[in-house]
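Take a look at the structure set out below.
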Amino acid sequence: MQGSLPVADRPRRPEWMKVRAPSADSRYYDVRKLIHGASLHTICEEARCPNIGECWGRGTATFQILGDTCTRACRYCYVHSGKPDGPPDPLEPLRLAQTAAQMGLKHIVITSVDRDDLPDRGAGHYAATIRALKRRFPAVSVEVLTPDFLDVEEDALRVVLAERPDVFNHNIETVRRLHARMRGAKASYDKALWLLRRAKEVVDYPVLTKSGIIVGLGETNDEVLETMRDLRAHGVDVVTIGQYLQPSAQHARIDRWVHPDEFRWFREQGEALGFGSVFSGPLVRSSYRADEQRHAAETGRGPVAY
Ligand code: SF4
């Protein structure tokens with residue numbers, strides 16, 4: 001998965017894609033030490049997220065459970081693909097809860113690699129992690145960004161949602177036309193929509209649902225709008241839209257740099273469709289300022305502008 005484009009072939013990053021390096025006086029290095037010291041993984045590092053300096057500098061991070069090896073190989077994703085080493089680490093939930101406490105997090109975001117090798121696709125480990133967090137801090141909110149739980153969707157949803165996470169997030173990732181090409185034959189656009197709708201049906205509390213779209217993979221703006229319509233039609237409360245960055249020469253090429261004005265248009269369209277919050281901007285990622293996304297959706301304050 002490593003590698004980079006020859007310099008001449010690299011699409012030049014426009015000004016609006018520039019990110020700040022971690023600053024020495026921020027919390028970045030403390031967060032790094034805590035996470036590495038506890039042998040935890042984060043999607044921030046595994047996916048080479050461009051916001052890591054900002055997010056870790058603010059003392060936040062998104063934990064990645066179930067190891068560092070994914071059983072899928074989506075064409076836009078830098079997370080290592082292959083055969084995972086074995087069953088989930090049973091002590092990971094406790095280490096994660098301990099680390100979240102040391103970081104003083106109020107809103108904790110957990111995601112994972114896909115684990116198609118496990119009979120429950122990792123749902124039990126998600127449940128154990130939420131349980132460990134809620135037991136330790138009943139007042140914090142927990143957001144899960146889950147895989148699609150291939151072929152065990154209903155059972156896995158029930159296991160995860162029985163622990164009452166505050167936000168259920170599942171990324172649709174791209175528009176219908178590109179979905180199979182980017183995500184592979186195991187994933188399904190309609191299954192992703194189903195999972196998001198079904199999450200609300202199987203709970204007896206007001207879970208917030210959320211999904212994310214990556215742009216710059218070859219979609220049109222009208223197709224993005226169509227995907228937002230599909231998400232709203234399946235009851236999704238929060239949507240995030242951000243620019244694709246090609247992580248290596250082996251990954252899908254960047255089709256276009258989406259202009260900030262287009263991101264603004266997506267936000268306005270999403271607002272008109274009735275989302276509680278639309279985070280739409282070049283550097284927006286699913287977990288970017290997730291606490292604010294949730295707050296915006298719950299208070300009806302509306303989407304935050306970038
Ligand atoms: S946007 Fe999400 S993945 Fe990226 S650094 Fe921030 S918390 Fe981590």
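Every chain in the structure tokens has a letter given in the order shown (A, B, ...), and although residue numbers restart at 1 in each chain, ligands are simply numbered from 1 in the order shown.
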
Go through chain A residue by residue and, counting only C-alpha atoms and all ligand atoms, keep those with an atom at most 7 Å from ligand 1; for each kept residue give the shortest atom pair and its distance in Å to one decimal, ordered by chain and increasing number, as a tab-separated table.
residue	atom	partner	partner_atom_place_in_ligand_line	distance
A:Ile43	CA	ligand 1	3 (S)	5.1
A:Cys44	CA	ligand 1	8 (Fe)	3.6
A:Cys49	CA	ligand 1	4 (Fe)	4.5
A:Pro50	CA	ligand 1	4 (Fe)	6.3
A:Asn51	CA	ligand 1	5 (S)	4.4
A:Ile52	CA	ligand 1	5 (S)	3.6
A:Cys55	CA	ligand 1	6 (Fe)	4.6
A:Trp56	CA	ligand 1	5 (S)	6.7
A:Thr60	CA	ligand 1	7 (S)	6.3
A:Ala61	CA	ligand 1	7 (S)	4.3
A:Thr62	CA	ligand 1	7 (S)	4.6
A:Val284	CA	ligand 1	1 (S)	6.7
A:Arg285	CA	ligand 1	1 (S)	4.9
A:Ser286	CA	ligand 1	2 (Fe)	6.3
A:Ser287	CA	ligand 1	2 (Fe)	3.9
A:Tyr288	CA	ligand 1	1 (S)	3.6
A:Arg289	CA	ligand 1	1 (S)	6.8

Quick one: contact table of stretch 239-279 of chain A to stretch 66-74 of chain A, 12 Å max, nearest atom pair and distance in Å to one decimal per residue, counting only C-alpha atoms, chain and number order, as CSV?
residue,atom,partner,partner_atom,distance
A:Gln246,CA,A:Cys74,CA,12.0
A:Pro247,CA,A:Cys74,CA,11.8
A:Gln250,CA,A:Cys74,CA,11.0
A:His251,CA,A:Cys74,CA,8.5
A:Ala252,CA,A:Cys74,CA,9.1

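Every residue of stretch 11-48 of chain A with a DSSP assignment of alpha helix (DSSP H), taken from the backbone, is listed as Tyr28, Tyr29, Asp30, Val31, Arg32, Lys33, Leu34, Ile35, His36, Gly37, Ile43, Cys44, Glu45 and Glu46 of chain A.
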
Hey, what's within 10 Å of A:Ser277 if we count only C-alpha atoms and toss same-chain stuff fewer than 4 positions away? As a ChimeraX atom specification, please? /A:210,236-240,267,270-271,292-304

Report as JSON lines: every residue of stretch 86-112 of chain A with an atom at most 6 Å from stretch 124-143 of chain A, its closest pair of atoms, and their distance in Å to one decimal, counting only C-alpha atoms, with rows sorted by chain and ascending residue number.
{"residue": "A:Pro93", "atom": "CA", "partner": "A:Thr129", "partner_atom": "CA", "distance": 4.4}
{"residue": "A:Ala97", "atom": "CA", "partner": "A:Leu133", "partner_atom": "CA", "distance": 5.2}
{"residue": "A:Lys106", "atom": "CA", "partner": "A:Val140", "partner_atom": "CA", "distance": 4.9}
{"residue": "A:His107", "atom": "CA", "partner": "A:Ser141", "partner_atom": "CA", "distance": 4.8}
{"residue": "A:Ile108", "atom": "CA", "partner": "A:Val142", "partner_atom": "CA", "distance": 4.9}
{"residue": "A:Val109", "atom": "CA", "partner": "A:Glu143", "partner_atom": "CA", "distance": 4.7}

Take the residues just selected and output them with N, CA and C atoms as an mmCIF file, in the first residue's frame.
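Saved as part-v6.cif:
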data_model
loop_
_atom_site.group_PDB
_atom_site.id
_atom_site.type_symbol
_atom_site.label_atom_id
_atom_site.label_comp_id
_atom_site.auth_asym_id
_atom_site.auth_seq_id
_atom_site.Cartn_x
_atom_site.Cartn_y
_atom_site.Cartn_z
ATOM 1 N N PRO A 93 -10.664 -2.740 24.801
ATOM 2 C CA PRO A 93 -11.686 -1.810 25.304
ATOM 3 C C PRO A 93 -11.269 -1.109 26.601
ATOM 4 N N ALA A 97 -10.650 2.883 27.095
ATOM 5 C CA ALA A 97 -11.394 3.684 28.089
ATOM 6 C C ALA A 97 -10.417 4.456 28.972
ATOM 7 N N LYS A 106 -14.841 14.201 25.942
ATOM 8 C CA LYS A 106 -16.268 14.259 26.306
ATOM 9 C C LYS A 106 -17.116 13.546 25.255
ATOM 10 N N HIS A 107 -16.574 13.473 24.041
ATOM 11 C CA HIS A 107 -17.262 12.790 22.938
ATOM 12 C C HIS A 107 -16.224 11.864 22.311
ATOM 13 N N ILE A 108 -16.506 10.577 22.350
ATOM 14 C CA ILE A 108 -15.491 9.598 21.937
ATOM 15 C C ILE A 108 -15.930 8.917 20.643
ATOM 16 N N VAL A 109 -15.078 8.972 19.643
ATOM 17 C CA VAL A 109 -15.417 8.384 18.339
ATOM 18 C C VAL A 109 -14.586 7.115 18.137
#

What's the separation between atom CA of A:Ala162 and atom CA of A:Gly59, in Å to one decimal place?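 Pair atom CA of A:Ala162 / atom CA of A:Gly59 returns 28.8 Å.
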
Using the chain letters and numbers from this document, which residues of stretch 1-80 of chain A does DSSP assign to strand (DSSP E or B), as a PyMOL selection string? chain A and resi 41-42+62-65+70

Can you tell me, as a list in words, what residues are no more than 6 Å from A:Gly281 when counting only C-alpha atoms, ignoring any on the same chain fewer than 2 positions away? Gly242, Phe263, Leu283 and Val284 of chain A

Which residues are close to stretch 180-187 of chain A, i.e. within 10 Å by only C-alpha atoms, leaving aside same-chain residues fewer than 4 positions away? Reply as JSON, numbers by chain. {"A": [72, 73, 74, 75, 76, 77, 116, 147, 148, 149, 150, 151, 172, 173, 174, 175, 176, 191, 192, 217, 251, 252]}

Keeping N, CA, C and O atoms for every residue in the selection just given, could you write it to a file as an mmCIF file, in the first residue's frame?
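Result saved to again03.cif:
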data_model
loop_
_atom_site.group_PDB
_atom_site.id
_atom_site.type_symbol
_atom_site.label_atom_id
_atom_site.label_comp_id
_atom_site.auth_asym_id
_atom_site.auth_seq_id
_atom_site.Cartn_x
_atom_site.Cartn_y
_atom_site.Cartn_z
ATOM 1 N N ARG A 72 -10.931 -5.706 3.648
ATOM 2 C CA ARG A 72 -11.315 -5.137 2.349
ATOM 3 C C ARG A 72 -10.153 -4.317 1.800
ATOM 4 O O ARG A 72 -9.176 -4.084 2.508
ATOM 5 N N ALA A 73 -10.325 -3.846 0.578
ATOM 6 C CA ALA A 73 -9.268 -3.030 -0.037
ATOM 7 C C ALA A 73 -9.924 -1.952 -0.900
ATOM 8 O O ALA A 73 -9.835 -1.991 -2.127
ATOM 9 N N CYS A 74 -10.585 -1.001 -0.251
ATOM 10 C CA CYS A 74 -11.259 0.073 -0.994
ATOM 11 C C CYS A 74 -10.205 0.915 -1.715
ATOM 12 O O CYS A 74 -9.103 1.110 -1.205
ATOM 13 N N ARG A 75 -10.573 1.413 -2.865
ATOM 14 C CA ARG A 75 -9.565 2.026 -3.747
ATOM 15 C C ARG A 75 -9.097 3.401 -3.287
ATOM 16 O O ARG A 75 -8.156 3.951 -3.834
ATOM 17 N N TYR A 76 -9.750 3.952 -2.285
ATOM 18 C CA TYR A 76 -9.382 5.289 -1.809
ATOM 19 C C TYR A 76 -8.724 5.247 -0.426
ATOM 20 O O TYR A 76 -8.342 6.261 0.114
ATOM 21 N N CYS A 77 -8.629 4.067 0.166
ATOM 22 C CA CYS A 77 -8.296 3.994 1.594
ATOM 23 C C CYS A 77 -6.872 3.502 1.833
ATOM 24 O O CYS A 77 -6.433 2.514 1.238
ATOM 25 N N ASP A 116 -14.164 -9.166 8.096
ATOM 26 C CA ASP A 116 -15.025 -10.189 7.496
ATOM 27 C C ASP A 116 -14.605 -11.589 7.929
ATOM 28 O O ASP A 116 -15.316 -12.556 7.685
ATOM 29 N N PRO A 147 -18.249 -0.687 10.157
ATOM 30 C CA PRO A 147 -18.254 -1.314 8.829
ATOM 31 C C PRO A 147 -19.669 -1.785 8.493
ATOM 32 O O PRO A 147 -20.611 -1.569 9.271
ATOM 33 N N ASP A 148 -19.821 -2.486 7.367
ATOM 34 C CA ASP A 148 -21.187 -2.851 6.938
ATOM 35 C C ASP A 148 -21.671 -4.192 7.497
ATOM 36 O O ASP A 148 -22.783 -4.612 7.234
ATOM 37 N N PHE A 149 -20.840 -4.856 8.291
ATOM 38 C CA PHE A 149 -21.228 -6.113 8.950
ATOM 39 C C PHE A 149 -21.770 -7.140 7.936
ATOM 40 O O PHE A 149 -22.836 -7.742 8.143
ATOM 41 N N LEU A 150 -20.993 -7.326 6.913
ATOM 42 C CA LEU A 150 -21.352 -8.196 5.794
ATOM 43 C C LEU A 150 -22.089 -9.480 6.203
ATOM 44 O O LEU A 150 -21.558 -10.293 6.968
ATOM 45 N N ASP A 151 -23.289 -9.642 5.705
ATOM 46 C CA ASP A 151 -24.131 -10.847 5.859
ATOM 47 C C ASP A 151 -24.666 -11.107 7.267
ATOM 48 O O ASP A 151 -25.390 -12.081 7.466
ATOM 49 N N ILE A 172 -21.415 6.112 3.533
ATOM 50 C CA ILE A 172 -21.818 5.623 2.207
ATOM 51 C C ILE A 172 -20.615 5.742 1.257
ATOM 52 O O ILE A 172 -20.523 5.029 0.280
ATOM 53 N N GLU A 173 -19.710 6.660 1.561
ATOM 54 C CA GLU A 173 -18.415 6.892 0.907
ATOM 55 C C GLU A 173 -18.486 7.562 -0.459
ATOM 56 O O GLU A 173 -17.790 8.531 -0.707
ATOM 57 N N THR A 174 -19.309 7.009 -1.380
ATOM 58 C CA THR A 174 -19.345 7.618 -2.718
ATOM 59 C C THR A 174 -20.737 7.426 -3.321
ATOM 60 O O THR A 174 -21.609 6.809 -2.711
ATOM 61 N N VAL A 175 -20.901 7.955 -4.517
ATOM 62 C CA VAL A 175 -22.215 7.940 -5.156
ATOM 63 C C VAL A 175 -22.523 6.543 -5.700
ATOM 64 O O VAL A 175 -21.623 5.713 -5.834
ATOM 65 N N ARG A 176 -23.785 6.324 -6.018
ATOM 66 C CA ARG A 176 -24.224 4.981 -6.447
ATOM 67 C C ARG A 176 -23.396 4.444 -7.628
ATOM 68 O O ARG A 176 -22.940 3.313 -7.611
ATOM 69 N N LYS A 191 -27.200 -1.533 0.633
ATOM 70 C CA LYS A 191 -27.037 -2.138 1.962
ATOM 71 C C LYS A 191 -26.612 -1.076 2.974
ATOM 72 O O LYS A 191 -27.040 -1.084 4.118
ATOM 73 N N ALA A 192 -25.769 -0.155 2.528
ATOM 74 C CA ALA A 192 -25.336 0.930 3.421
ATOM 75 C C ALA A 192 -26.540 1.776 3.834
ATOM 76 O O ALA A 192 -26.711 2.126 5.010
ATOM 77 N N LEU A 217 -13.692 11.686 -6.610
ATOM 78 C CA LEU A 217 -13.433 10.321 -7.087
ATOM 79 C C LEU A 217 -13.986 10.087 -8.498
ATOM 80 O O LEU A 217 -13.876 8.985 -9.024
ATOM 81 N N HIS A 251 -3.563 3.771 -5.365
ATOM 82 C CA HIS A 251 -4.959 4.103 -5.069
ATOM 83 C C HIS A 251 -5.599 4.883 -6.224
ATOM 84 O O HIS A 251 -4.905 5.335 -7.134
ATOM 85 N N ALA A 252 -6.923 5.003 -6.137
ATOM 86 C CA ALA A 252 -7.653 5.746 -7.175
ATOM 87 C C ALA A 252 -7.070 7.144 -7.325
ATOM 88 O O ALA A 252 -6.682 7.766 -6.330
#

Ranking A:Thr146, A:Thr227, A:Ser26, A:Thr209 by minimum distance to A:Arg177 and counting only C-alpha atoms, which one comes first?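 Nearest candidate to A:Arg177 out of A:Thr146, A:Thr227, A:Ser26, A:Thr209: A:Thr227.
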
List the neighbours of A:Leu195 out to 10 Å using only C-alpha atoms; skip same-chain residues closer than 3 positions along the sequence, and give me the result as a ChimeraX atom specification. /A:147-149,153-154,157,168-170,190-192,198-201,234
